[in-house]
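Data from coords_30.txt: compact mmCIF, C-alpha atoms and all ligand atoms
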# COMPACT_ATOMS: atom_id res chain seq x y z
CA MET A 335 31.49 -7.83 3.79
CA ARG A 336 29.97 -11.20 4.50
CA GLY A 337 30.36 -12.46 8.03
CA PHE A 338 29.33 -11.45 11.51
CA TYR A 339 29.71 -7.87 12.57
CA ALA A 340 28.72 -5.44 15.25
CA ARG A 341 28.30 -1.81 14.24
CA VAL A 342 26.70 1.28 15.72
CA PHE A 343 23.86 3.34 14.32
CA ARG A 344 25.00 6.76 13.22
CA LEU A 345 23.96 9.53 10.88
CA GLN A 346 26.53 10.48 8.32
CA SER A 347 26.44 13.97 6.95
CA ASP A 348 29.73 14.01 5.06
CA ASN A 349 28.86 11.92 2.05
CA PRO A 350 28.27 12.73 -1.61
CA GLY A 351 24.54 12.10 -1.25
CA GLU A 352 24.32 15.48 0.45
CA SER A 353 24.58 17.10 -2.96
CA LEU A 354 21.16 15.62 -3.69
CA GLY A 355 19.83 16.68 -0.32
CA ILE A 356 20.18 13.16 1.01
CA ARG A 357 21.11 12.34 4.56
CA ARG A 358 22.60 8.91 4.60
CA TYR A 359 22.24 6.36 7.34
CA SER A 360 24.60 3.57 8.03
CA VAL A 361 22.93 0.66 9.72
CA CYS A 362 22.92 -1.00 13.08
CA ILE A 363 23.98 -4.61 13.21
CA ALA A 364 23.18 -7.04 15.96
CA ILE A 365 24.32 -10.57 15.21
CA GLY A 366 23.99 -12.11 11.76
CA PRO A 367 25.32 -11.73 8.24
CA ALA A 368 26.58 -8.20 7.66
CA ILE A 369 24.13 -5.72 6.27
CA MET A 370 25.81 -3.69 3.58
CA SER A 371 25.44 -0.05 2.64
CA LEU A 372 24.80 1.37 -0.78
CA SER A 373 27.86 3.05 -2.24
CA SER A 374 27.70 6.78 -2.86
CA SER A 375 27.35 6.26 -6.60
CA GLU A 376 24.62 3.63 -6.14
CA LEU A 377 22.73 5.92 -3.81
CA GLU A 378 23.06 8.83 -6.18
CA SER A 379 21.88 6.73 -9.11
CA LEU A 380 18.89 5.29 -7.23
CA THR A 381 17.92 8.71 -5.94
CA ALA A 382 18.02 10.07 -9.46
CA LEU A 383 15.85 7.13 -10.58
CA ARG A 384 13.36 7.76 -7.77
CA ARG A 385 13.05 11.40 -8.78
CA ASP A 386 12.75 10.48 -12.44
CA LEU A 387 9.86 8.16 -11.58
CA HIS A 388 8.29 10.93 -9.51
CA ALA A 389 8.54 13.31 -12.46
CA HIS A 390 6.92 10.76 -14.77
CA PRO A 391 3.99 9.26 -12.84
CA GLU A 392 1.83 6.63 -14.50
CA LEU A 393 -1.63 5.49 -13.39
CA ALA A 394 -2.87 1.96 -12.74
CA PHE A 395 -2.02 -0.57 -15.46
CA GLU A 396 -0.35 2.20 -17.50
CA GLU A 397 3.09 1.89 -15.87
CA HIS A 398 4.87 1.14 -19.16
CA ARG A 399 7.76 3.57 -18.78
CA THR A 400 8.22 2.69 -15.12
CA ALA A 401 8.19 -1.02 -15.92
CA GLN A 402 10.77 -0.54 -18.63
CA ARG A 403 13.07 1.31 -16.25
CA VAL A 404 12.63 -1.35 -13.57
CA ALA A 405 13.25 -4.22 -15.99
CA SER A 406 16.35 -2.56 -17.32
CA ARG A 407 17.78 -2.06 -13.80
CA LEU A 408 17.03 -5.65 -12.82
CA ALA A 409 18.66 -6.97 -15.98
CA GLY A 410 21.66 -4.76 -15.27
CA LEU A 411 22.02 -6.44 -11.89
CA GLY A 412 22.06 -9.83 -13.59
CA LEU A 413 18.61 -10.96 -12.52
CA GLU A 414 16.29 -13.11 -14.61
CA VAL A 415 13.54 -10.69 -15.64
CA SER A 416 9.95 -11.44 -16.57
CA THR A 417 7.61 -8.69 -17.80
CA GLY A 418 3.95 -8.36 -18.70
CA TRP A 419 2.52 -9.59 -15.40
CA ALA A 420 -0.98 -8.11 -15.13
CA GLY A 421 0.02 -6.00 -18.12
CA THR A 422 2.77 -3.82 -16.70
CA GLY A 423 4.07 -5.85 -13.75
CA VAL A 424 7.74 -6.82 -13.64
CA VAL A 425 9.39 -9.69 -11.81
CA GLY A 426 13.09 -10.19 -11.13
CA VAL A 427 14.47 -13.47 -9.83
CA MET A 428 17.68 -13.94 -7.85
CA SER A 429 18.84 -17.32 -6.59
CA ALA A 430 21.70 -18.31 -4.33
CA GLY A 431 22.64 -21.54 -2.63
CA ALA A 432 20.98 -24.88 -3.07
CA SER A 433 17.77 -24.69 -1.10
CA GLY A 434 14.43 -24.68 -2.88
CA ARG A 435 12.98 -22.01 -0.59
CA CYS A 436 11.44 -19.03 -2.34
CA ILE A 437 10.13 -15.72 -1.00
CA ALA A 438 8.70 -12.62 -2.66
CA LEU A 439 9.49 -8.97 -1.90
CA ARG A 440 6.95 -6.59 -3.36
CA ALA A 441 6.88 -2.94 -4.43
CA ASP A 442 4.04 -1.05 -6.11
CA MET A 443 4.61 1.27 -9.08
CA ASP A 444 1.43 3.25 -9.81
CA ALA A 445 0.63 6.92 -9.21
CA LEU A 446 -2.59 8.71 -8.30
CA PRO A 447 -4.92 10.82 -10.44
CA LEU A 448 -4.32 14.25 -8.92
CA ASP A 449 -2.43 17.44 -9.72
CA GLU A 450 0.83 17.91 -7.84
CA LEU A 451 1.20 21.22 -5.95
CA ASN A 452 4.94 20.92 -5.23
CA HIS A 453 7.40 23.14 -7.06
CA PHE A 454 10.70 21.26 -6.77
CA ALA A 455 12.58 20.18 -9.87
CA HIS A 456 11.30 16.60 -9.90
CA ARG A 457 7.59 17.53 -9.58
CA SER A 458 5.20 15.68 -11.87
CA ARG A 459 5.42 16.60 -15.52
CA HIS A 460 2.04 15.04 -16.23
CA PRO A 461 -1.05 17.07 -15.28
CA GLY A 462 -3.56 15.04 -13.32
CA LYS A 463 -1.02 12.40 -12.30
CA MET A 464 1.19 12.33 -9.24
CA HIS A 465 3.20 9.97 -7.07
CA ALA A 466 1.36 11.07 -3.94
CA CYS A 467 1.70 7.76 -2.12
CA GLY A 468 5.43 7.16 -2.50
CA HIS A 469 5.24 4.18 -4.82
CA ASP A 470 8.13 5.78 -6.71
CA GLY A 471 10.11 5.39 -3.49
CA HIS A 472 8.91 1.83 -2.90
CA THR A 473 10.08 0.91 -6.40
CA ALA A 474 13.47 2.56 -5.87
CA MET A 475 13.90 0.97 -2.43
CA LEU A 476 13.26 -2.53 -3.76
CA LEU A 477 15.72 -1.92 -6.59
CA ALA A 478 18.14 -0.69 -3.92
CA GLY A 479 17.62 -3.92 -1.99
CA ALA A 480 18.23 -5.93 -5.16
CA THR A 481 21.42 -3.92 -5.69
CA LEU A 482 22.75 -4.91 -2.26
CA LEU A 483 21.74 -8.54 -2.62
CA ALA A 484 23.19 -8.82 -6.13
CA ARG A 485 26.51 -7.60 -4.77
CA ASP A 486 26.50 -9.99 -1.83
CA PRO A 487 23.92 -12.79 -2.18
CA ALA A 488 24.36 -14.05 1.39
CA PHE A 489 21.23 -16.15 1.42
CA ASP A 490 20.15 -19.66 0.52
CA GLY A 491 17.15 -19.84 -1.77
CA THR A 492 15.33 -17.69 -4.30
CA VAL A 493 14.16 -14.11 -3.96
CA VAL A 494 11.42 -12.94 -6.34
CA PHE A 495 11.32 -9.16 -6.63
CA VAL A 496 7.75 -8.24 -7.51
CA PHE A 497 7.02 -4.82 -9.02
CA GLN A 498 3.28 -4.69 -9.28
CA PRO A 499 1.00 -2.32 -11.15
CA ALA A 500 -2.20 -0.74 -9.92
CA GLU A 501 -2.10 -0.85 -6.14
CA GLU A 502 -4.43 2.16 -5.93
CA ALA A 503 -7.96 0.72 -6.02
CA GLU A 504 -7.43 -1.46 -9.10
CA GLY A 505 -6.04 -4.59 -7.44
CA GLY A 506 -2.84 -5.19 -9.39
CA ALA A 507 -1.71 -7.66 -6.73
CA ARG A 508 -4.79 -9.80 -7.23
CA ALA A 509 -4.28 -9.71 -10.99
CA MET A 510 -0.71 -11.00 -10.66
CA ILE A 511 -1.79 -13.73 -8.24
CA GLU A 512 -4.59 -14.80 -10.59
CA GLN A 513 -2.03 -15.10 -13.37
CA GLY A 514 -0.24 -17.69 -11.28
CA LEU A 515 2.70 -15.67 -9.98
CA LEU A 516 2.97 -17.53 -6.67
CA GLU A 517 2.80 -20.99 -8.22
CA ARG A 518 5.10 -20.14 -11.11
CA TYR A 519 8.01 -19.46 -8.77
CA GLY A 520 6.95 -21.59 -5.80
CA ILE A 521 6.69 -18.55 -3.53
CA THR A 522 5.88 -19.57 0.03
CA ARG A 523 6.19 -16.28 1.92
CA VAL A 524 5.58 -12.65 0.99
CA TYR A 525 6.89 -9.32 2.29
CA GLY A 526 5.84 -5.74 1.65
CA LEU A 527 6.27 -2.25 3.09
CA HIS A 528 4.85 1.24 2.84
CA ASN A 529 6.43 4.56 3.72
CA TRP A 530 4.55 6.23 6.57
CA PRO A 531 4.46 10.03 6.99
CA GLY A 532 4.14 11.02 10.63
CA LEU A 533 6.24 8.10 11.82
CA PRO A 534 9.77 9.39 12.56
CA LEU A 535 12.24 8.97 9.73
CA GLY A 536 13.65 5.46 9.60
CA HIS A 537 11.42 4.07 12.35
CA PHE A 538 9.43 0.91 11.62
CA ALA A 539 5.96 -0.18 12.67
CA VAL A 540 5.28 -3.91 12.60
CA HIS A 541 1.79 -5.17 13.44
CA SER A 542 1.37 -8.69 14.74
CA GLY A 543 -2.08 -8.99 13.15
CA THR A 544 -4.06 -6.57 11.03
CA ALA A 545 -2.15 -3.52 9.78
CA MET A 546 -4.64 -2.06 7.32
CA ALA A 547 -8.39 -2.19 6.94
CA GLY A 548 -10.46 -3.95 4.35
CA THR A 549 -12.33 -1.59 2.06
CA ASP A 550 -15.63 -2.08 0.25
CA GLN A 551 -17.85 0.24 -1.79
CA PHE A 552 -21.61 0.44 -1.88
CA ARG A 553 -24.05 2.06 -4.27
CA ILE A 554 -27.71 2.35 -3.38
CA LEU A 555 -30.23 3.20 -6.07
CA LEU A 556 -33.61 4.42 -4.76
CA LYS A 557 -36.41 4.30 -7.32
CA GLY A 558 -39.54 6.26 -6.46
CA HIS A 559 -42.17 7.94 -8.56
CA ALA A 560 -41.73 11.44 -9.94
CA ALA A 561 -44.29 14.08 -9.07
CA HIS A 562 -44.93 17.81 -9.04
CA ALA A 563 -43.18 19.25 -5.99
CA ALA A 564 -46.44 20.91 -4.96
CA MET A 565 -48.31 17.58 -5.05
CA PRO A 566 -45.95 15.15 -3.29
CA HIS A 567 -48.80 12.80 -2.37
CA GLN A 568 -49.05 11.84 -6.07
CA GLY A 569 -45.50 10.45 -6.10
CA ARG A 570 -43.07 8.48 -3.98
CA ASP A 571 -40.13 10.62 -2.95
CA PRO A 572 -36.69 8.98 -3.30
CA VAL A 573 -34.96 12.11 -1.91
CA LEU A 574 -36.66 11.84 1.47
CA ALA A 575 -35.94 8.12 1.56
CA ALA A 576 -32.28 8.73 0.67
CA CYS A 577 -31.87 11.35 3.40
CA ALA A 578 -33.41 9.06 5.98
CA LEU A 579 -31.25 6.18 4.81
CA VAL A 580 -28.04 8.24 5.04
CA GLN A 581 -28.88 9.04 8.65
CA ALA A 582 -29.81 5.45 9.43
CA LEU A 583 -26.58 4.08 7.96
CA GLN A 584 -24.64 5.92 10.66
CA SER A 585 -26.35 3.74 13.24
CA ILE A 586 -24.49 0.68 11.95
CA VAL A 587 -21.08 1.54 13.38
CA ALA A 588 -22.61 3.39 16.35
CA ARG A 589 -25.07 0.68 17.41
CA ARG A 590 -24.26 -2.63 15.70
CA ILE A 591 -20.47 -2.89 16.03
CA ASP A 592 -18.64 -3.63 19.26
CA PRO A 593 -17.19 -0.31 20.48
CA LEU A 594 -13.84 -2.06 21.00
CA ASP A 595 -13.82 -3.16 17.37
CA ALA A 596 -13.31 -0.62 14.60
CA ALA A 597 -15.30 0.15 11.48
CA VAL A 598 -16.02 3.13 9.28
CA LEU A 599 -19.03 3.69 7.07
CA SER A 600 -18.86 6.94 5.13
CA VAL A 601 -21.47 8.16 2.68
CA THR A 602 -19.56 10.09 0.05
CA ARG A 603 -22.05 10.42 -2.78
CA LEU A 604 -25.65 11.63 -2.86
CA HIS A 605 -27.22 12.51 -6.17
CA ALA A 606 -30.83 13.30 -7.00
CA GLY A 607 -32.96 15.66 -9.02
CA SER A 608 -32.34 18.59 -11.32
CA ALA A 609 -35.29 20.97 -10.91
CA TYR A 610 -36.61 23.00 -7.99
CA ASN A 611 -40.20 21.98 -8.57
CA VAL A 612 -39.94 18.30 -9.48
CA ILE A 613 -39.70 15.37 -7.10
CA PRO A 614 -37.30 13.16 -9.04
CA GLU A 615 -37.79 9.58 -10.05
CA GLN A 616 -34.51 8.34 -8.57
CA ALA A 617 -31.82 9.08 -6.02
CA GLU A 618 -28.42 7.51 -5.58
CA VAL A 619 -26.33 7.10 -2.44
CA GLY A 620 -22.79 5.77 -2.39
CA GLY A 621 -19.89 5.36 -0.03
CA THR A 622 -17.23 3.16 1.51
CA VAL A 623 -16.97 0.65 4.34
CA ARG A 624 -13.71 -0.01 6.22
CA THR A 625 -13.30 -2.91 8.62
CA LEU A 626 -10.45 -4.78 10.28
CA SER A 627 -11.82 -8.32 10.10
CA PRO A 628 -13.99 -10.42 7.77
CA ALA A 629 -16.53 -10.97 10.55
CA THR A 630 -17.03 -7.23 11.10
CA ARG A 631 -17.22 -6.71 7.38
CA ASP A 632 -20.07 -9.25 7.17
CA GLN A 633 -21.85 -7.56 10.09
CA VAL A 634 -21.75 -4.15 8.39
CA ARG A 635 -22.91 -5.55 5.09
CA THR A 636 -25.84 -7.41 6.67
CA ALA A 637 -26.94 -4.29 8.58
CA LEU A 638 -26.70 -2.22 5.40
CA GLU A 639 -28.98 -4.68 3.59
CA GLU A 640 -31.48 -4.64 6.45
CA LEU A 641 -31.64 -0.85 6.58
CA CYS A 642 -32.17 -0.69 2.82
CA GLN A 643 -35.06 -3.15 3.12
CA GLY A 644 -36.54 -1.09 5.97
CA ALA A 645 -36.27 2.19 4.05
CA SER A 646 -37.88 0.56 1.03
CA ARG A 647 -40.89 -0.51 3.04
CA GLY A 648 -41.08 2.64 5.14
CA TYR A 649 -40.90 5.12 2.25
CA GLY A 650 -42.54 3.10 -0.49
CA VAL A 651 -39.57 3.20 -2.84
CA GLU A 652 -37.72 0.40 -4.56
CA ILE A 653 -34.12 0.09 -3.40
CA GLU A 654 -31.27 -1.71 -5.15
CA LEU A 655 -28.09 -2.23 -3.14
CA GLU A 656 -24.89 -2.92 -5.02
CA TYR A 657 -22.15 -3.97 -2.57
CA ARG A 658 -18.69 -4.24 -4.13
CA PRO A 659 -16.15 -6.07 -1.99
CA GLY A 660 -12.76 -4.39 -2.28
CA TYR A 661 -9.40 -5.08 -0.70
CA PRO A 662 -9.57 -7.42 2.30
CA PRO A 663 -7.89 -6.46 5.59
CA THR A 664 -4.07 -6.59 5.43
CA THR A 665 -3.24 -9.12 8.12
CA ASN A 666 0.28 -10.17 9.02
CA ASP A 667 1.23 -13.68 10.02
CA GLY A 668 2.38 -13.70 13.66
CA ALA A 669 5.67 -15.54 13.13
CA GLU A 670 6.53 -13.49 10.04
CA ALA A 671 5.81 -10.27 11.94
CA GLU A 672 8.34 -11.39 14.57
CA ARG A 673 10.85 -12.18 11.83
CA CYS A 674 10.38 -8.78 10.18
CA ALA A 675 10.47 -6.91 13.50
CA ALA A 676 13.82 -8.58 14.19
CA ALA A 677 15.04 -7.64 10.70
CA ALA A 678 13.91 -4.04 11.22
CA ALA A 679 15.66 -3.96 14.60
CA ARG A 680 18.89 -5.05 12.94
CA VAL A 681 18.58 -2.09 10.57
CA ALA A 682 17.24 0.65 12.81
CA GLY A 683 17.73 -0.55 16.37
CA ALA A 684 14.99 -2.15 18.47
CA GLN A 685 14.02 1.20 20.00
CA ARG A 686 12.96 2.39 16.55
CA VAL A 687 10.69 -0.60 15.85
CA HIS A 688 7.13 0.03 17.07
CA ARG A 689 5.03 -3.03 17.78
CA ASN A 690 1.84 -1.56 19.24
CA LEU A 691 0.64 1.11 16.84
CA PRO A 692 -3.06 0.86 15.99
CA PRO A 693 -3.86 -0.31 12.47
CA SER A 694 -4.80 2.20 9.79
CA MET A 695 -8.30 2.36 8.34
CA GLY A 696 -6.67 2.87 4.95
CA ALA A 697 -6.44 -0.17 2.68
CA GLU A 698 -3.71 -1.92 0.75
CA ASP A 699 -3.85 -4.56 -1.95
CA PHE A 700 -0.85 -6.40 -0.52
CA ALA A 701 -3.70 -7.95 1.48
CA TYR A 702 -4.25 -10.33 -1.44
CA PHE A 703 -0.70 -11.61 -1.15
CA LEU A 704 -1.22 -12.09 2.59
CA GLU A 705 -4.46 -13.97 1.99
CA ALA A 706 -2.58 -16.34 -0.29
CA ARG A 707 0.67 -16.78 1.67
CA PRO A 708 1.98 -15.99 5.16
CA GLY A 709 4.05 -12.87 5.30
CA CYS A 710 4.37 -9.38 6.72
CA TYR A 711 3.74 -5.80 5.64
CA VAL A 712 5.48 -3.05 7.60
CA TRP A 713 5.39 0.74 7.76
CA LEU A 714 8.63 2.68 7.36
CA GLY A 715 8.63 6.20 8.81
CA ASN A 716 8.83 8.91 6.16
CA GLY A 717 9.47 11.55 8.84
CA GLU A 718 7.34 14.38 10.15
CA ALA A 719 4.51 15.22 7.81
CA ALA A 720 5.31 18.92 7.71
CA GLY A 721 3.89 20.98 4.87
CA ASP A 722 1.10 18.48 4.21
CA CYS A 723 3.62 15.80 3.24
CA ARG A 724 0.98 13.14 3.82
CA LEU A 725 -0.12 10.20 1.73
CA HIS A 726 -2.49 11.16 -1.11
CA ASN A 727 -1.85 14.86 -0.50
CA PRO A 728 -0.86 17.03 -3.51
CA ARG A 729 2.13 18.32 -1.48
CA TYR A 730 3.50 14.88 -0.59
CA ASP A 731 6.97 13.67 -1.56
CA PHE A 732 8.83 10.46 -0.72
CA ASN A 733 11.78 11.02 1.60
CA ASP A 734 14.93 9.94 -0.24
CA ALA A 735 16.72 9.38 3.06
CA LEU A 736 14.71 6.15 3.23
CA LEU A 737 16.41 4.60 0.20
CA PRO A 738 19.40 3.12 2.08
CA ILE A 739 17.22 2.18 5.05
CA GLY A 740 14.70 0.37 2.87
CA ALA A 741 17.53 -1.37 1.01
CA ALA A 742 19.06 -2.54 4.28
CA TYR A 743 15.66 -3.73 5.52
CA TRP A 744 15.09 -5.83 2.42
CA GLN A 745 18.53 -7.34 2.79
CA ALA A 746 17.84 -8.11 6.46
CA VAL A 747 14.48 -9.72 5.63
CA VAL A 748 16.12 -11.97 3.05
CA ALA A 749 18.89 -12.91 5.48
CA ALA A 750 16.27 -13.82 8.09
CA ALA A 751 13.89 -15.66 5.77
CA LEU A 752 16.48 -17.49 3.68
CA PRO A 753 19.36 -17.99 6.11
CA LEU A 754 22.60 -19.54 4.96
CA ALA A 755 23.01 -23.16 5.94
CA ALA A 756 25.34 -22.28 8.79
CA THR A 757 22.91 -19.72 10.17
CA GLU A 758 19.86 -20.77 12.12
CA PRO A 759 16.60 -19.04 11.25
CA ARG A 760 16.08 -16.11 13.55
CA VAL A 761 12.48 -17.12 14.24
NI NI B 801 0.41 3.53 -1.29

Transcribe the structure of this file into structure tokens.
Ligand code: NI
Amino acid sequence: MRGFYARVFRLQSDNPGESLGIRRYSVCIAIGPAIMSLSSSELESLTALRRDLHAHPELAFEEHRTAQRVASRLAGLGLEVSTGWAGTGVVGVMSAGASGRCIALRADMDALPLDELNHFAHRSRHPGKMHACGHDGHTAMLLAGATLLARDPAFDGTVVFVFQPAEEAEGGARAMIEQGLLERYGITRVYGLHNWPGLPLGHFAVHSGTAMAGTDQFRILLKGHAAHAAMPHQGRDPVLAACALVQALQSIVARRIDPLDAAVLSVTRLHAGSAYNVIPEQAEVGGTVRTLSPATRDQVRTALEELCQGASRGYGVEIELEYRPGYPPTTNDGAEAERCAAAAARVAGAQRVHRNLPPSMGAEDFAYFLEARPGCYVWLGNGEAAGDCRLHNPRYDFNDALLPIGAAYWQAVVAAALPLAATEPRV
């Protein structure tokens, strides 16, 4: 299958995958090494694996069963396998040709702490745990890509398949980077993807700059002086100060940030008191900040500090602000975005590759990889989000029709990033 081919995009309905409810795509080829398709048995096996992972979700840094299944698949494909990265992370290495170039393709493996409300056969068997973000599908798609590349390693260099733990809020990517993952293999470029409900099935979105927001948390402790509720002048009321502060915080995005920039500040926690007739000693306010650039993030943080200082003086309470920086913005390298858009176009056709969608105010820890190395993170359409099939919703499910598309995309990215000697880089 190696060589140069032209093929048309079509939807096949007469294949064995239909027995699993799968609609299988073949792929569109422009010019370049042929992109292969998964065989019916490979597709069936990977779909079964995806559903097995969905039925057995594991939370951050607890992905032991998932890691074992991934490692076993990688070993079965003949890859060099390394386990124990950040606890449960797995790495598979595939080399071809003589060049020293090395890239990483990344999937996340963790589930979310919520109860699944679906009723299909592969619904979660673990109460309070669910693959509600499609990381089961990301894992299966990267294994599918490895399957194609193992069969036809038409590239020159080394591909490191990174299966990371704890994408959801725990920073598994950062943990793997801090353990020296990038240096260990000499990784110079990094690539990631996320399924995207609401984007038509098999369509891609590739941002030239920031794709996802940075996310921080804040906790504000207001310390006043308790008093009888009938004699408020004898105390200092942290509840009143907290209420005023919550209102004032909304002025940050409304009045400090350029209207053409984007930021979110949401107060999501407000705790104080326990009795109807006691002004409490303390109140606590907490929430999240989302921004698309480090400069805006600094602006919001500075304004938050200033408003806390003002509330402290104005209401006579002591205020402690704890600001916890979280994931940075996920920002693609311009040249790598072009490379990945071209790879996506080879798979889906240029008309299905969207280049101008606004970024999401959600966050993603692939941002740490993109801080460390140039690369690109794309969205892959999971189809219409009917029936609340949205990320982090208890009725979500990954669309198995994406398995062959994701596999083809990974193969196309590798072909573009590690071209054979006779093939010029596409970017
Ligand atoms: Ni996710």

Practice task
Tell me which protein, DNA and RNA residues are within 10 Å of region 411-422 of chain A, counting all atoms listed in the file, leaving out same-chain ones fewer than 6 positions away, and put them as a PyMOL selection string.
Solution key: chain A and resi 394-402+404-405+428-429+443-444+477+480-485+494-500+505-515

Practice task
Could you check how far CA of Asp550 (chain A) sits from CA of Val425 (chain A), in Å to one decimal?
Solution key: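 Distance reported for this atom pair: 28.8 Å.
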
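For the residues A:Ala755, A:Ile586, A:Cys577, A:Ala597, ranking by smallest atom-to-atom distance to Glu618 (chain A) using all atoms listed in the file places A:Cys577 first.
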
Practice task
Write out as an MDAnalysis selection string each polymer residue whose atoms come within 12 Å of Asp571 (chain A), counting all atoms listed in the file; drop sequence neighbours fewer than 3 positions from it.
Solution key: chainID A and resid 556:563 565:568 574:578 606:607 612:617 645:646 648:652

Practice task
With all atoms listed in the file counted, collect every polymer residue having an atom within 9 Å of ligand NI 801 (chain B); state the result as JSON, numbers by chain.
Solution key: {"A": [442, 444, 445, 466, 467, 468, 469, 472, 501, 502, 528, 529, 697, 698, 725, 726]}

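Going from CA of Arg459 (chain A) over to CA of Leu383 (chain A), you cover 14.9 Å.
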
Problem - Separation of CA of Phe700 (chain A) from CA of Thr664 (chain A) in Å - result: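 Separating CA of Thr664 (chain A) from CA of Phe700 (chain A) is a distance of 6.8 Å.
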
Exercise for the section: Might you pull out every residue within 10 Å of Phe489 (chain A), with all atoms listed in the file counted and same-chain residues fewer than 2 positions away left off, and present them as an NGL selection string? Expected result: :A and (367 or 429-433 or 483 or 486-487 or 491-493 or 745 or 748-755 or 757)

Exercise for the section: Choose the residue, out of A:Ser375, A:Thr544, A:Thr473, A:Ser608, that has the smallest atom-to-atom separation from Leu527 (chain A); count all atoms listed in the file. Expected result: A:Thr473

Practice task
Do a neighbour search on Val623 (chain A) at 12 Å with only C-alpha atoms, toss out local chain neighbours closer than 3 positions, and write the hits as a PyMOL selection string.
Solution key: chain A and resi 547-553+583-584+586-587+596-602+620+626-628+630-635+637-638+657-663+695-697

Handout entry: Selection near region 666-674 of chain A, 9 Å with only C-alpha atoms, sequence-local residues under 3 positions removed, as number ranges by chain
Key = A: 523, 525, 540-545, 677-679, 701, 704, 707-712, 743, 746-747, 750-751, 759-761

Exercise for the section: Using all atoms listed in the file, find the one residue out of A:Gly683, A:Gly532, A:Gly569, A:Pro693 that sits nearest to Arg624 (chain A). Expected result: A:Pro693
